[in-house]
>>> print(open('my_file.txt').read())   # compact mmCIF, C-alpha atoms
# COMPACT_ATOMS: atom_id res chain seq x y z
CA MET A 19 78.24 110.19 62.28
CA SER A 20 75.49 109.61 59.74
CA GLY A 21 73.95 112.53 57.89
CA PRO A 22 70.42 113.92 58.29
CA ASN A 23 67.44 112.34 56.62
CA ALA A 24 64.96 114.22 54.43
CA LYS A 25 63.05 115.57 57.43
CA GLU A 26 66.08 116.78 59.32
CA THR A 27 68.11 119.95 59.08
CA GLN A 28 71.67 120.39 60.13
CA ALA A 29 72.27 122.56 63.20
CA LEU A 30 75.86 123.60 63.85
CA ALA A 31 77.15 124.29 67.36
CA SER A 32 77.31 128.00 66.59
CA SER A 33 73.66 128.24 65.60
CA PRO A 34 71.96 130.89 67.75
CA SER A 35 68.72 128.95 67.79
CA THR A 36 70.24 125.98 69.58
CA ALA A 37 73.30 127.24 71.37
CA ALA A 38 73.02 127.20 75.13
CA SER A 39 73.10 130.40 77.05
CA PRO A 40 76.42 131.00 78.73
CA ARG A 41 74.58 132.00 81.88
CA THR A 42 72.93 129.69 84.34
CA SER A 43 69.63 130.21 86.07
CA GLN A 44 71.16 129.77 89.51
CA PRO A 45 72.23 132.81 91.60
CA GLU A 46 76.00 133.16 91.62
CA SER A 47 76.26 132.98 95.43
CA VAL A 48 74.32 129.69 95.49
CA ALA A 49 76.45 128.29 92.66
CA TRP A 50 79.68 129.03 94.52
CA LEU A 51 78.28 127.52 97.72
CA ALA A 52 77.68 124.31 95.76
CA ILE A 53 81.21 124.49 94.35
CA LEU A 54 82.71 124.87 97.82
CA ALA A 55 80.70 121.91 99.11
CA GLY A 56 81.71 119.87 96.07
CA CYS A 57 85.37 120.69 96.67
CA ALA A 58 85.05 119.49 100.27
CA ILE A 59 83.44 116.26 99.06
CA ALA A 60 86.22 115.73 96.49
CA LEU A 61 88.80 116.17 99.26
CA LEU A 62 87.09 113.61 101.48
CA THR A 63 86.37 110.98 98.83
CA PHE A 64 89.81 111.18 97.24
CA GLY A 65 91.69 111.16 100.55
CA PRO A 66 91.43 107.65 102.05
CA ARG A 67 91.73 105.74 98.79
CA SER A 68 94.89 107.70 97.90
CA ALA A 69 96.42 106.75 101.26
CA MET A 70 95.77 103.00 101.04
CA GLY A 71 99.42 102.34 100.20
CA PHE A 72 100.33 103.20 103.80
CA PHE A 73 98.08 100.42 105.08
CA GLN A 74 99.63 97.77 102.83
CA ILE A 75 102.67 96.66 104.85
CA PRO A 76 101.12 96.64 108.38
CA MET A 77 97.93 95.00 107.09
CA LEU A 78 99.79 92.26 105.22
CA THR A 79 102.21 91.69 108.11
CA ASP A 80 99.40 91.21 110.65
CA ASN A 81 97.26 89.01 108.41
CA GLY A 82 99.94 87.04 106.56
CA TRP A 83 98.65 88.08 103.13
CA SER A 84 100.77 88.79 100.03
CA ARG A 85 101.28 91.96 98.06
CA GLU A 86 99.40 90.32 95.22
CA ASP A 87 96.37 89.96 97.55
CA PHE A 88 96.54 93.67 98.32
CA GLY A 89 97.16 94.52 94.66
CA ILE A 90 94.08 92.57 93.56
CA ALA A 91 91.87 94.36 96.11
CA ILE A 92 93.03 97.82 95.03
CA ALA A 93 92.84 96.82 91.37
CA VAL A 94 89.22 95.76 91.89
CA GLN A 95 88.63 99.08 93.66
CA ASN A 96 89.82 100.96 90.60
CA LEU A 97 87.77 98.78 88.27
CA CYS A 98 84.60 99.24 90.34
CA TRP A 99 85.30 102.96 90.43
CA GLY A 100 85.47 102.94 86.64
CA VAL A 101 82.43 100.75 86.04
CA GLY A 102 80.39 102.68 88.59
CA GLN A 103 81.33 106.11 87.25
CA PRO A 104 79.07 106.18 84.15
CA LEU A 105 76.30 104.39 86.07
CA PHE A 106 76.27 106.90 88.91
CA GLY A 107 76.83 109.71 86.42
CA ALA A 108 73.67 108.71 84.56
CA ILE A 109 71.75 108.48 87.84
CA ALA A 110 72.98 111.94 88.85
CA ASP A 111 72.05 113.34 85.42
CA LYS A 112 68.50 112.05 85.81
CA TRP A 113 67.67 112.02 89.51
CA GLY A 114 70.12 114.42 91.11
CA THR A 115 73.72 114.71 92.25
CA GLY A 116 72.88 115.02 95.94
CA ARG A 117 71.29 111.59 96.17
CA VAL A 118 74.28 109.93 94.54
CA LEU A 119 76.67 111.69 96.92
CA VAL A 120 74.69 110.50 99.97
CA LEU A 121 75.10 106.95 98.71
CA SER A 122 78.82 107.58 98.23
CA GLY A 123 79.36 108.51 101.88
CA LEU A 124 77.44 105.49 103.17
CA LEU A 125 79.23 103.03 100.87
CA TYR A 126 82.61 104.52 101.77
CA ALA A 127 82.01 104.18 105.49
CA ALA A 128 80.86 100.58 105.06
CA GLY A 129 83.80 99.66 102.84
CA LEU A 130 86.46 101.04 105.18
CA THR A 131 84.83 99.37 108.17
CA LEU A 132 84.74 96.00 106.41
CA THR A 133 88.39 96.44 105.39
CA ALA A 134 89.32 96.96 109.04
CA PHE A 135 87.71 93.66 110.06
CA ALA A 136 88.34 91.61 106.89
CA PRO A 137 89.15 88.00 107.92
CA SER A 138 90.53 87.00 104.50
CA PRO A 139 91.73 88.46 101.18
CA PHE A 140 88.25 87.83 99.76
CA TRP A 141 86.63 90.20 102.27
CA LEU A 142 89.46 92.66 101.79
CA THR A 143 88.51 92.73 98.12
CA ILE A 144 84.82 93.18 98.93
CA GLY A 145 85.45 96.00 101.41
CA SER A 146 88.42 97.88 100.05
CA GLY A 147 87.76 96.81 96.47
CA VAL A 148 84.06 96.69 95.67
CA LEU A 149 82.48 98.95 98.30
CA VAL A 150 85.16 101.63 98.39
CA GLY A 151 85.44 101.52 94.60
CA LEU A 152 81.72 102.11 94.14
CA ALA A 153 81.80 104.80 96.84
CA VAL A 154 84.53 106.72 95.06
CA ALA A 155 82.64 106.32 91.77
CA ALA A 156 79.56 107.88 93.34
CA GLY A 157 81.48 110.78 94.88
CA SER A 158 84.50 111.43 92.71
CA PHE A 159 85.49 113.99 90.09
CA GLY A 160 83.07 112.87 87.40
CA ILE A 161 80.02 113.41 89.59
CA VAL A 162 81.21 116.62 91.25
CA LEU A 163 82.63 118.27 88.12
CA ALA A 164 79.49 117.55 86.11
CA ALA A 165 77.48 119.34 88.80
CA PHE A 166 79.94 122.26 88.65
CA ALA A 167 79.63 122.53 84.86
CA ARG A 168 75.90 123.13 85.10
CA ARG A 169 76.26 125.96 87.60
CA VAL A 170 78.78 128.22 85.84
CA SER A 171 79.26 129.76 82.41
CA ALA A 172 81.36 128.06 79.74
CA GLU A 173 84.06 130.69 80.30
CA GLN A 174 84.43 129.62 83.95
CA ARG A 175 84.20 125.89 83.41
CA SER A 176 87.85 124.85 83.07
CA PHE A 177 88.73 126.99 86.08
CA VAL A 178 86.15 125.40 88.40
CA PHE A 179 87.17 121.98 87.06
CA GLY A 180 90.67 122.88 88.20
CA LEU A 181 89.35 123.87 91.63
CA GLY A 182 87.50 120.58 92.04
CA THR A 183 90.51 118.57 90.93
CA ALA A 184 92.76 120.58 93.24
CA ALA A 185 90.42 119.80 96.14
CA GLY A 186 90.78 116.10 95.42
CA SER A 187 94.52 116.64 95.32
CA ALA A 188 94.30 118.30 98.72
CA GLY A 189 92.76 115.04 99.92
CA MET A 190 96.00 113.26 99.10
CA PHE A 191 98.02 116.02 100.78
CA VAL A 192 95.90 115.88 103.95
CA PHE A 193 95.24 112.16 104.23
CA ALA A 194 98.78 110.91 103.53
CA PRO A 195 100.31 112.29 106.75
CA LEU A 196 97.00 111.91 108.63
CA SER A 197 96.75 108.21 107.79
CA GLN A 198 100.36 107.52 108.73
CA ALA A 199 99.95 109.42 112.00
CA LEU A 200 96.79 107.45 112.82
CA ILE A 201 98.49 104.15 112.02
CA ASP A 202 101.46 105.03 114.24
CA SER A 203 99.15 106.02 117.12
CA TYR A 204 96.23 103.59 116.90
CA GLY A 205 97.17 100.81 114.47
CA TRP A 206 96.00 100.30 110.91
CA ALA A 207 92.58 98.76 111.74
CA ASN A 208 91.48 101.48 114.15
CA SER A 209 92.75 104.10 111.72
CA LEU A 210 90.43 102.74 109.05
CA LEU A 211 87.51 103.09 111.47
CA VAL A 212 88.40 106.75 112.05
CA LEU A 213 88.47 107.36 108.30
CA SER A 214 85.16 105.51 108.00
CA ALA A 215 83.51 107.91 110.44
CA MET A 216 84.87 110.89 108.52
CA MET A 217 83.13 109.72 105.35
CA LEU A 218 79.74 110.28 107.01
CA VAL A 219 80.29 114.01 106.53
CA VAL A 220 79.78 113.54 102.77
CA PRO A 221 75.97 113.07 102.95
CA VAL A 222 75.67 116.33 104.89
CA LEU A 223 77.67 118.29 102.30
CA ALA A 224 75.63 116.69 99.53
CA ILE A 225 72.64 118.90 100.39
CA ALA A 226 74.28 121.82 98.57
CA LEU A 227 74.52 119.81 95.34
CA ARG A 228 70.90 118.81 94.91
CA GLY A 229 69.46 118.96 91.42
CA ASN A 230 69.94 117.21 88.09
CA SER A 231 71.00 118.14 84.57
CA SER A 232 67.57 119.39 83.49
CA ARG A 233 67.42 121.78 86.43
CA HIS A 234 70.90 123.24 85.88
CA ALA A 235 71.61 123.18 82.16
CA GLY A 236 74.29 125.04 80.33
CA GLY A 237 76.94 124.15 77.81
CA LEU A 238 79.16 125.27 75.01
CA ALA A 239 77.65 122.78 72.62
CA GLN A 240 73.98 123.19 71.91
CA GLU A 241 71.71 121.70 74.56
CA ILE A 242 68.95 119.78 72.82
CA GLU A 243 66.39 117.29 73.97
CA GLN A 244 68.11 113.97 73.42
CA THR A 245 67.66 110.48 74.77
CA MET A 246 70.45 108.81 76.67
CA GLY A 247 70.78 106.21 73.92
CA ALA A 248 71.10 108.91 71.27
CA ALA A 249 73.78 110.63 73.35
CA LEU A 250 75.76 107.40 73.58
CA ARG A 251 75.48 106.71 69.85
CA GLU A 252 76.60 110.24 69.08
CA ALA A 253 79.60 109.97 71.42
CA PHE A 254 80.81 106.64 70.05
CA ALA A 255 80.52 107.97 66.50
CA THR A 256 82.82 110.88 67.36
CA LYS A 257 86.49 110.14 66.66
CA SER A 258 87.80 112.80 69.05
CA TYR A 259 85.78 111.32 71.92
CA LEU A 260 87.21 107.86 71.25
CA LEU A 261 90.76 109.23 71.15
CA LEU A 262 90.18 111.10 74.41
CA THR A 263 88.82 107.93 76.01
CA SER A 264 91.77 105.81 74.90
CA GLY A 265 94.31 108.38 76.08
CA PHE A 266 92.79 108.71 79.55
CA PHE A 267 93.47 104.99 80.06
CA VAL A 268 97.15 105.91 80.40
CA CYS A 269 96.55 108.46 83.15
CA GLY A 270 94.84 105.81 85.24
CA PHE A 271 97.60 103.26 84.70
CA GLN A 272 100.32 105.68 85.79
CA VAL A 273 98.78 107.33 88.85
CA ALA A 274 97.14 104.20 90.30
CA PHE A 275 100.37 102.22 90.14
CA ILE A 276 102.27 104.97 91.98
CA THR A 277 99.48 105.49 94.54
CA ALA A 278 99.28 101.80 95.46
CA HIS A 279 102.91 100.70 95.22
CA PHE A 280 105.21 103.70 95.66
CA PRO A 281 105.51 103.43 99.47
CA ALA A 282 106.42 99.73 99.19
CA TYR A 283 108.78 100.47 96.28
CA LEU A 284 110.71 102.99 98.36
CA GLY A 285 110.78 100.59 101.31
CA ASP A 286 112.36 97.90 99.13
CA LEU A 287 115.12 100.36 98.23
CA GLY A 288 115.86 101.03 101.88
CA ILE A 289 114.31 104.50 101.94
CA ALA A 290 112.92 105.32 105.40
CA PRO A 291 109.08 105.29 105.68
CA VAL A 292 109.01 109.01 106.47
CA TRP A 293 110.09 109.73 102.90
CA ALA A 294 107.18 107.70 101.51
CA VAL A 295 104.81 109.87 103.57
CA THR A 296 106.65 112.96 102.41
CA ALA A 297 106.47 111.81 98.79
CA MET A 298 102.71 111.26 98.78
CA ALA A 299 102.11 114.51 100.64
CA LEU A 300 104.27 116.39 98.14
CA ILE A 301 102.40 114.83 95.22
CA GLY A 302 99.14 115.91 96.83
CA PHE A 303 100.35 119.44 97.59
CA PHE A 304 101.85 120.15 94.18
CA ASN A 305 98.87 118.46 92.57
CA ILE A 306 96.78 121.29 94.00
CA ILE A 307 98.98 123.81 92.20
CA GLY A 308 99.10 121.73 89.03
CA SER A 309 95.33 121.21 88.91
CA ILE A 310 94.49 124.89 89.33
CA ALA A 311 97.17 125.86 86.81
CA SER A 312 95.82 123.24 84.41
CA GLY A 313 92.32 124.71 84.67
CA ILE A 314 93.65 128.17 83.86
CA ILE A 315 95.99 127.06 81.07
CA SER A 316 93.45 124.82 79.37
CA GLN A 317 90.96 127.70 79.35
CA ARG A 318 93.44 129.73 77.27
CA THR A 319 95.19 127.21 75.03
CA SER A 320 94.54 124.05 73.01
CA LYS A 321 93.32 121.41 75.45
CA PRO A 322 94.38 118.40 73.30
CA HIS A 323 97.89 119.78 72.78
CA PHE A 324 98.21 120.62 76.46
CA LEU A 325 97.27 117.03 77.33
CA SER A 326 99.95 115.73 74.94
CA PHE A 327 102.51 117.89 76.72
CA ILE A 328 101.47 116.53 80.13
CA TYR A 329 101.88 112.89 79.06
CA ILE A 330 105.26 113.50 77.44
CA ALA A 331 106.43 115.30 80.57
CA ARG A 332 105.34 112.37 82.76
CA SER A 333 107.35 109.91 80.67
CA ILE A 334 110.44 112.12 80.85
CA VAL A 335 110.15 112.57 84.62
CA VAL A 336 109.76 108.83 85.31
CA THR A 337 112.67 107.99 82.98
CA ILE A 338 115.00 110.42 84.75
CA PHE A 339 113.87 109.11 88.15
CA LEU A 340 114.57 105.48 87.25
CA LEU A 341 117.96 106.21 85.69
CA THR A 342 119.15 108.31 88.63
CA PRO A 343 120.39 106.75 91.89
CA ILE A 344 117.36 106.95 94.17
CA SER A 345 117.77 108.85 97.43
CA PRO A 346 115.54 111.00 99.67
CA ALA A 347 116.55 114.02 97.59
CA THR A 348 115.53 112.44 94.27
CA VAL A 349 112.29 111.21 95.84
CA VAL A 350 111.45 114.78 96.84
CA VAL A 351 112.25 116.15 93.36
CA PHE A 352 110.31 113.37 91.62
CA SER A 353 107.27 113.80 93.87
CA THR A 354 107.25 117.55 93.41
CA VAL A 355 107.35 117.45 89.61
CA MET A 356 105.02 114.46 89.34
CA GLY A 357 102.59 116.25 91.64
CA LEU A 358 102.37 119.14 89.19
CA LEU A 359 101.45 116.63 86.46
CA TRP A 360 99.41 114.23 88.59
CA LEU A 361 95.76 115.15 87.94
CA SER A 362 96.41 118.08 85.64
CA THR A 363 94.86 115.89 82.94
CA VAL A 364 91.41 116.02 84.57
CA PRO A 365 90.32 119.66 83.91
CA PRO A 366 91.09 119.65 80.15
CA THR A 367 89.72 116.12 79.71
CA ASN A 368 86.36 116.91 81.34
CA ALA A 369 86.22 120.28 79.63
CA LEU A 370 86.70 118.61 76.23
CA VAL A 371 83.71 116.33 76.85
CA ALA A 372 81.60 119.40 77.73
CA VAL A 373 82.87 121.24 74.64
CA MET A 374 81.95 118.34 72.39
CA PHE A 375 78.54 117.42 73.81
CA GLY A 376 77.36 120.06 76.29
CA THR A 377 76.35 119.24 79.86
CA ARG A 378 73.04 117.38 79.47
CA TYR A 379 74.70 113.95 79.77
CA LEU A 380 78.09 115.06 81.05
CA GLY A 381 77.91 112.71 84.04
CA LEU A 382 77.37 109.72 81.75
CA LEU A 383 79.75 110.64 78.92
CA GLY A 384 82.45 111.91 81.25
CA GLY A 385 81.95 108.74 83.29
CA LEU A 386 82.62 106.54 80.27
CA VAL A 387 85.87 108.39 79.61
CA PHE A 388 86.73 107.82 83.25
CA LEU A 389 85.90 104.12 82.91
CA SER A 390 88.83 103.90 80.52
CA HIS A 391 90.97 105.67 83.13
CA GLN A 392 89.99 103.08 85.72
CA ILE A 393 90.62 100.12 83.44
CA GLY A 394 94.11 101.54 83.18
CA SER A 395 94.18 101.91 86.97
CA PHE A 396 93.15 98.28 87.41
CA LEU A 397 95.98 97.10 85.16
CA GLY A 398 98.54 99.40 86.74
CA VAL A 399 97.79 98.26 90.29
CA TRP A 400 97.32 94.59 89.44
CA LEU A 401 100.44 94.37 87.24
CA GLY A 402 102.43 96.09 89.97
CA GLY A 403 101.58 93.34 92.46
CA TYR A 404 101.64 90.46 89.96
CA LEU A 405 104.97 91.29 88.34
CA TYR A 406 106.53 92.02 91.72
CA VAL A 407 105.63 88.51 92.87
CA LYS A 408 106.87 86.97 89.59
CA MET A 409 110.00 89.07 89.05
CA GLY A 410 110.78 90.60 92.44
CA SER A 411 110.78 94.13 91.01
CA TYR A 412 108.45 97.00 90.12
CA ASP A 413 110.71 98.21 87.30
CA PRO A 414 108.83 96.53 84.40
CA VAL A 415 105.62 98.38 85.30
CA TRP A 416 107.47 101.70 85.56
CA TRP A 417 108.76 101.26 82.00
CA ILE A 418 105.37 100.19 80.68
CA GLY A 419 104.04 103.46 82.10
CA VAL A 420 106.74 105.41 80.25
CA ALA A 421 105.80 103.80 76.93
CA LEU A 422 102.10 104.38 77.52
CA GLY A 423 102.77 108.07 78.23
CA LEU A 424 104.24 108.47 74.76
CA PHE A 425 101.23 106.66 73.28
CA ALA A 426 98.86 109.05 75.07
CA ALA A 427 100.74 112.07 73.76
CA VAL A 428 100.25 110.83 70.21
CA VAL A 429 96.52 110.07 70.46
CA HIS A 430 95.60 113.38 72.10
CA TRP A 431 97.27 115.60 69.50
CA PRO A 432 94.65 115.21 66.68
CA ILE A 433 91.58 115.65 68.94
CA ARG A 434 89.26 118.41 67.70
CA GLU A 435 88.28 120.92 70.37
CA ALA A 436 84.87 121.75 68.93
CA ALA A 437 81.21 121.00 69.47
CA VAL A 438 79.88 118.07 67.50
CA GLU A 439 77.56 118.79 64.62
CA ARG A 440 74.02 118.11 65.68
CA TYR A 441 71.01 117.20 63.58
CA VAL A 442 67.65 118.30 64.93
CA LEU A 443 64.12 118.27 63.63
CA PRO A 444 62.99 121.67 62.32
CA GLN A 445 60.69 123.50 64.69
CA PRO A 446 57.10 123.90 63.45
CA ALA A 447 56.18 127.41 62.30
>>> encode(input="my_file.txt", output="structure tokens")
Amino acid sequence: MSGPNAKETQALASSPSTAASPRTSQPESVAWLAILAGCAIALLTFGPRSAMGFFQIPMLTDNGWSREDFGIAIAVQNLCWGVGQPLFGAIADKWGTGRVLVLSGLLYAAGLTLTAFAPSPFWLTIGSGVLVGLAVAAGSFGIVLAAFARRVSAEQRSFVFGLGTAAGSAGMFVFAPLSQALIDSYGWANSLLVLSAMMLVVPVLAIALRGNSSRHAGGLAQEIEQTMGAALREAFATKSYLLLTSGFFVCGFQVAFITAHFPAYLGDLGIAPVWAVTAMALIGFFNIIGSIASGIISQRTSKPHFLSFIYIARSIVVTIFLLTPISPATVVVFSTVMGLLWLSTVPPTNALVAVMFGTRYLGLLGGLVFLSHQIGSFLGVWLGGYLYVKMGSYDPVWWIGVALGLFAAVVHWPIREAAVERYVLPQPA
């Protein structure tokens, strides 16, 4: 970051004249109502997209499409989620979270409906890929957690981030068995229409999250008047932010590959479908525990070092799983442990962005970090389908994920958990 010019004075994050108040202007009861509504939204928006793997085999069987066709659609979904995240984050920062969440529910309903009636892989990609991807971007963690951050003190932030992430995890826990039950009872297409109708609850819940970043401001770093362009230049000149962004790529690669291809992977090994449902439900359930624990732990310890531990643990767990004869018992153990690690990266990652830059542009800056996550998701899902078609196995992608986990552990370790130094014009006497 360049130094101040002759008319500027350096203002450190600890300066009392610029540091944000740890309190918010919103009554505590109203803040927690918004948090509860946001958790419900996270559950709904994370649920259907995490259960898409259950639709793969019946959808492809009925339509005569390939796994690569399905993989491309879900890969595009993850990419649109990533590209849309900073865009919708910036819109929420400026014009209000509630409006963005209303759009999320409408896009989600449209995307699932189009997926149910898609006549070709192209329309599958438009519905399940583009529309659902943009819907999740408008209603996912980045949007909801940024709204949370502005409604609580810095001391509570990692904890409420853990709650929001856990709610999304509950979406996986709820929608995995729900989706399979709907498919068994009504078929995959009608099941998508049921899920589509459920997404129309999101605009109603969005009422509790009205307001933008200027209305609810609070942060650990000093909150100063700053243009969006200045915020972006500051972020990309901060080494720790770039390291955080590159490391989050790995999280996306790992979890998206498992979400999209794990049910089919187990089916190829002769594992009964009920264990695939059990596996995804276990990941969702233990993800709830892991996310809340992550929020508590990262509030009390080094967030970068904790993230390094999570990525190393993931690589170890996957390695043991692949080298052990796979059975229902090992699937249960793997899903349980992986669930604890699944989205435990989200609370410390978002909290680090808030620590570095405050909450004024948290939707935008957190969204850019998440864009890296979704580029990883795109590659994980697409490579899973592509290499399966070429090599007849998912194993190469599993091992790529192991190597990337070690890379992520290395890049997170040197991240500085501190507010950036800010340069502001001196106030006139």
>>> residues_around(input="my_file.txt", residues="Leu370 (chain A)", least_positions_apart="3", cutoff="12 Å", atoms="all atoms listed in the file", output="MDAnalysis selection string")
chainID A and resid 167 172 175:176 179 237:239 258:263 313 316:317 320:325 363:367 373:377 380 383:384 387 430 433:438
>>> write_last_selection(input="my_file.txt", atoms="C-alpha atoms", output="PDB file, in the coordinates of the input")
ATOM      1  CA  ALA A 167      79.630 122.530  84.860  1.00  0.00           C
ATOM      2  CA  ALA A 172      81.360 128.060  79.740  1.00  0.00           C
ATOM      3  CA  ARG A 175      84.200 125.890  83.410  1.00  0.00           C
ATOM      4  CA  SER A 176      87.850 124.850  83.070  1.00  0.00           C
ATOM      5  CA  PHE A 179      87.170 121.980  87.060  1.00  0.00           C
ATOM      6  CA  GLY A 237      76.940 124.150  77.810  1.00  0.00           C
ATOM      7  CA  LEU A 238      79.160 125.270  75.010  1.00  0.00           C
ATOM      8  CA  ALA A 239      77.650 122.780  72.620  1.00  0.00           C
ATOM      9  CA  SER A 258      87.800 112.800  69.050  1.00  0.00           C
ATOM     10  CA  TYR A 259      85.780 111.320  71.920  1.00  0.00           C
ATOM     11  CA  LEU A 260      87.210 107.860  71.250  1.00  0.00           C
ATOM     12  CA  LEU A 261      90.760 109.230  71.150  1.00  0.00           C
ATOM     13  CA  LEU A 262      90.180 111.100  74.410  1.00  0.00           C
ATOM     14  CA  THR A 263      88.820 107.930  76.010  1.00  0.00           C
ATOM     15  CA  GLY A 313      92.320 124.710  84.670  1.00  0.00           C
ATOM     16  CA  SER A 316      93.450 124.820  79.370  1.00  0.00           C
ATOM     17  CA  GLN A 317      90.960 127.700  79.350  1.00  0.00           C
ATOM     18  CA  SER A 320      94.540 124.050  73.010  1.00  0.00           C
ATOM     19  CA  LYS A 321      93.320 121.410  75.450  1.00  0.00           C
ATOM     20  CA  PRO A 322      94.380 118.400  73.300  1.00  0.00           C
ATOM     21  CA  HIS A 323      97.890 119.780  72.780  1.00  0.00           C
ATOM     22  CA  PHE A 324      98.210 120.620  76.460  1.00  0.00           C
ATOM     23  CA  LEU A 325      97.270 117.030  77.330  1.00  0.00           C
ATOM     24  CA  THR A 363      94.860 115.890  82.940  1.00  0.00           C
ATOM     25  CA  VAL A 364      91.410 116.020  84.570  1.00  0.00           C
ATOM     26  CA  PRO A 365      90.320 119.660  83.910  1.00  0.00           C
ATOM     27  CA  PRO A 366      91.090 119.650  80.150  1.00  0.00           C
ATOM     28  CA  THR A 367      89.720 116.120  79.710  1.00  0.00           C
ATOM     29  CA  VAL A 373      82.870 121.240  74.640  1.00  0.00           C
ATOM     30  CA  MET A 374      81.950 118.340  72.390  1.00  0.00           C
ATOM     31  CA  PHE A 375      78.540 117.420  73.810  1.00  0.00           C
ATOM     32  CA  GLY A 376      77.360 120.060  76.290  1.00  0.00           C
ATOM     33  CA  THR A 377      76.350 119.240  79.860  1.00  0.00           C
ATOM     34  CA  LEU A 380      78.090 115.060  81.050  1.00  0.00           C
ATOM     35  CA  LEU A 383      79.750 110.640  78.920  1.00  0.00           C
ATOM     36  CA  GLY A 384      82.450 111.910  81.250  1.00  0.00           C
ATOM     37  CA  VAL A 387      85.870 108.390  79.610  1.00  0.00           C
ATOM     38  CA  HIS A 430      95.600 113.380  72.100  1.00  0.00           C
ATOM     39  CA  ILE A 433      91.580 115.650  68.940  1.00  0.00           C
ATOM     40  CA  ARG A 434      89.260 118.410  67.700  1.00  0.00           C
ATOM     41  CA  GLU A 435      88.280 120.920  70.370  1.00  0.00           C
ATOM     42  CA  ALA A 436      84.870 121.750  68.930  1.00  0.00           C
ATOM     43  CA  ALA A 437      81.210 121.000  69.470  1.00  0.00           C
ATOM     44  CA  VAL A 438      79.880 118.070  67.500  1.00  0.00           C
TER      45      VAL A 438
END
>>> closest_residue(input="my_file.txt", among="A:Ala278, A:Ala224, A:Leu163, A:Ala127", to="Leu401 (chain A)", atoms="all atoms listed in the file")
A:Ala278
>>> residues_around(input="my_file.txt", residues="Gly160 (chain A)", least_positions_apart="2", cutoff="12 Å", atoms="all atoms listed in the file", output="ChimeraX atom specification")
/A:56,60,99-100,102-108,110-111,115,118-119,154-158,162-167,179,182-183,186,364-365,367-369,371-372,377,379-389,391
>>> residues_near_point(input="my_file.txt", point="(79.6, 95.9, 93.1)", cutoff="10 Å", atoms="all atoms listed in the file", output="PDB file with C-alpha atoms, in the frame of the given file")
ATOM      1  CA  VAL A  94      89.220  95.760  91.890  1.00  0.00           C
ATOM      2  CA  GLN A  95      88.630  99.080  93.660  1.00  0.00           C
ATOM      3  CA  LEU A  97      87.770  98.780  88.270  1.00  0.00           C
ATOM      4  CA  CYS A  98      84.600  99.240  90.340  1.00  0.00           C
ATOM      5  CA  TRP A  99      85.300 102.960  90.430  1.00  0.00           C
ATOM      6  CA  VAL A 101      82.430 100.750  86.040  1.00  0.00           C
ATOM      7  CA  GLY A 102      80.390 102.680  88.590  1.00  0.00           C
ATOM      8  CA  ILE A 144      84.820  93.180  98.930  1.00  0.00           C
ATOM      9  CA  GLY A 147      87.760  96.810  96.470  1.00  0.00           C
ATOM     10  CA  VAL A 148      84.060  96.690  95.670  1.00  0.00           C
ATOM     11  CA  LEU A 149      82.480  98.950  98.300  1.00  0.00           C
ATOM     12  CA  VAL A 150      85.160 101.630  98.390  1.00  0.00           C
ATOM     13  CA  GLY A 151      85.440 101.520  94.600  1.00  0.00           C
ATOM     14  CA  LEU A 152      81.720 102.110  94.140  1.00  0.00           C
ATOM     15  CA  ALA A 153      81.800 104.800  96.840  1.00  0.00           C
TER      16      ALA A 153
END
>>> atom_distance(input="my_file.txt", atom1="CA of Ala426 (chain A)", atom2="CA of Val351 (chain A)")
23.8 Å
>>> residues_around(input="my_file.txt", residues="Val350 (chain A)", least_positions_apart="5", cutoff="9 Å", atoms="all atoms listed in the file", output="mmCIF file with C-alpha atoms, keeping the file's coordinate frame")
data_model
loop_
_atom_site.group_PDB
_atom_site.id
_atom_site.type_symbol
_atom_site.label_atom_id
_atom_site.label_comp_id
_atom_site.auth_asym_id
_atom_site.auth_seq_id
_atom_site.Cartn_x
_atom_site.Cartn_y
_atom_site.Cartn_z
ATOM 1 C CA TRP A 293 110.090 109.730 102.900
ATOM 2 C CA THR A 296 106.650 112.960 102.410
ATOM 3 C CA ALA A 297 106.470 111.810 98.790
ATOM 4 C CA LEU A 300 104.270 116.390 98.140
ATOM 5 C CA SER A 345 117.770 108.850 97.430
ATOM 6 C CA VAL A 355 107.350 117.450 89.610
#
>>> atom_distance(input="my_file.txt", atom1="CA of Ala134 (chain A)", atom2="CA of Ala194 (chain A)")
17.7 Å
>>> atom_distance(input="my_file.txt", atom1="CA of Ile276 (chain A)", atom2="CA of Gln74 (chain A)")
13.3 Å
>>> closest_residue(input="my_file.txt", among="A:Ile328, A:Leu361, A:Ile310, A:Val349", to="Leu181 (chain A)", atoms="all atoms listed in the file")
A:Ile310
>>> residues_around(input="my_file.txt", residues="region 267-273 of chain A", least_positions_apart="6", cutoff="8 Å", atoms="all atoms listed in the file", output="list in words")
Trp360, Thr363, Phe388, Ser390, His391, Gln392, Ile393, Gly394, Ser395, Phe396, Leu397, Gly398, Val399, Gly419, Leu422, Gly423 and Ala426 of chain A
>>> write_last_selection(input="my_file.txt", atoms="C-alpha atoms", output="tab-separated table (two decimals), in the frame of the given file")
chain	number	residue	atom	x	y	z
A	360	TRP	CA	99.41	114.23	88.59
A	363	THR	CA	94.86	115.89	82.94
A	388	PHE	CA	86.73	107.82	83.25
A	390	SER	CA	88.83	103.90	80.52
A	391	HIS	CA	90.97	105.67	83.13
A	392	GLN	CA	89.99	103.08	85.72
A	393	ILE	CA	90.62	100.12	83.44
A	394	GLY	CA	94.11	101.54	83.18
A	395	SER	CA	94.18	101.91	86.97
A	396	PHE	CA	93.15	98.28	87.41
A	397	LEU	CA	95.98	97.10	85.16
A	398	GLY	CA	98.54	99.40	86.74
A	399	VAL	CA	97.79	98.26	90.29
A	419	GLY	CA	104.04	103.46	82.10
A	422	LEU	CA	102.10	104.38	77.52
A	423	GLY	CA	102.77	108.07	78.23
A	426	ALA	CA	98.86	109.05	75.07
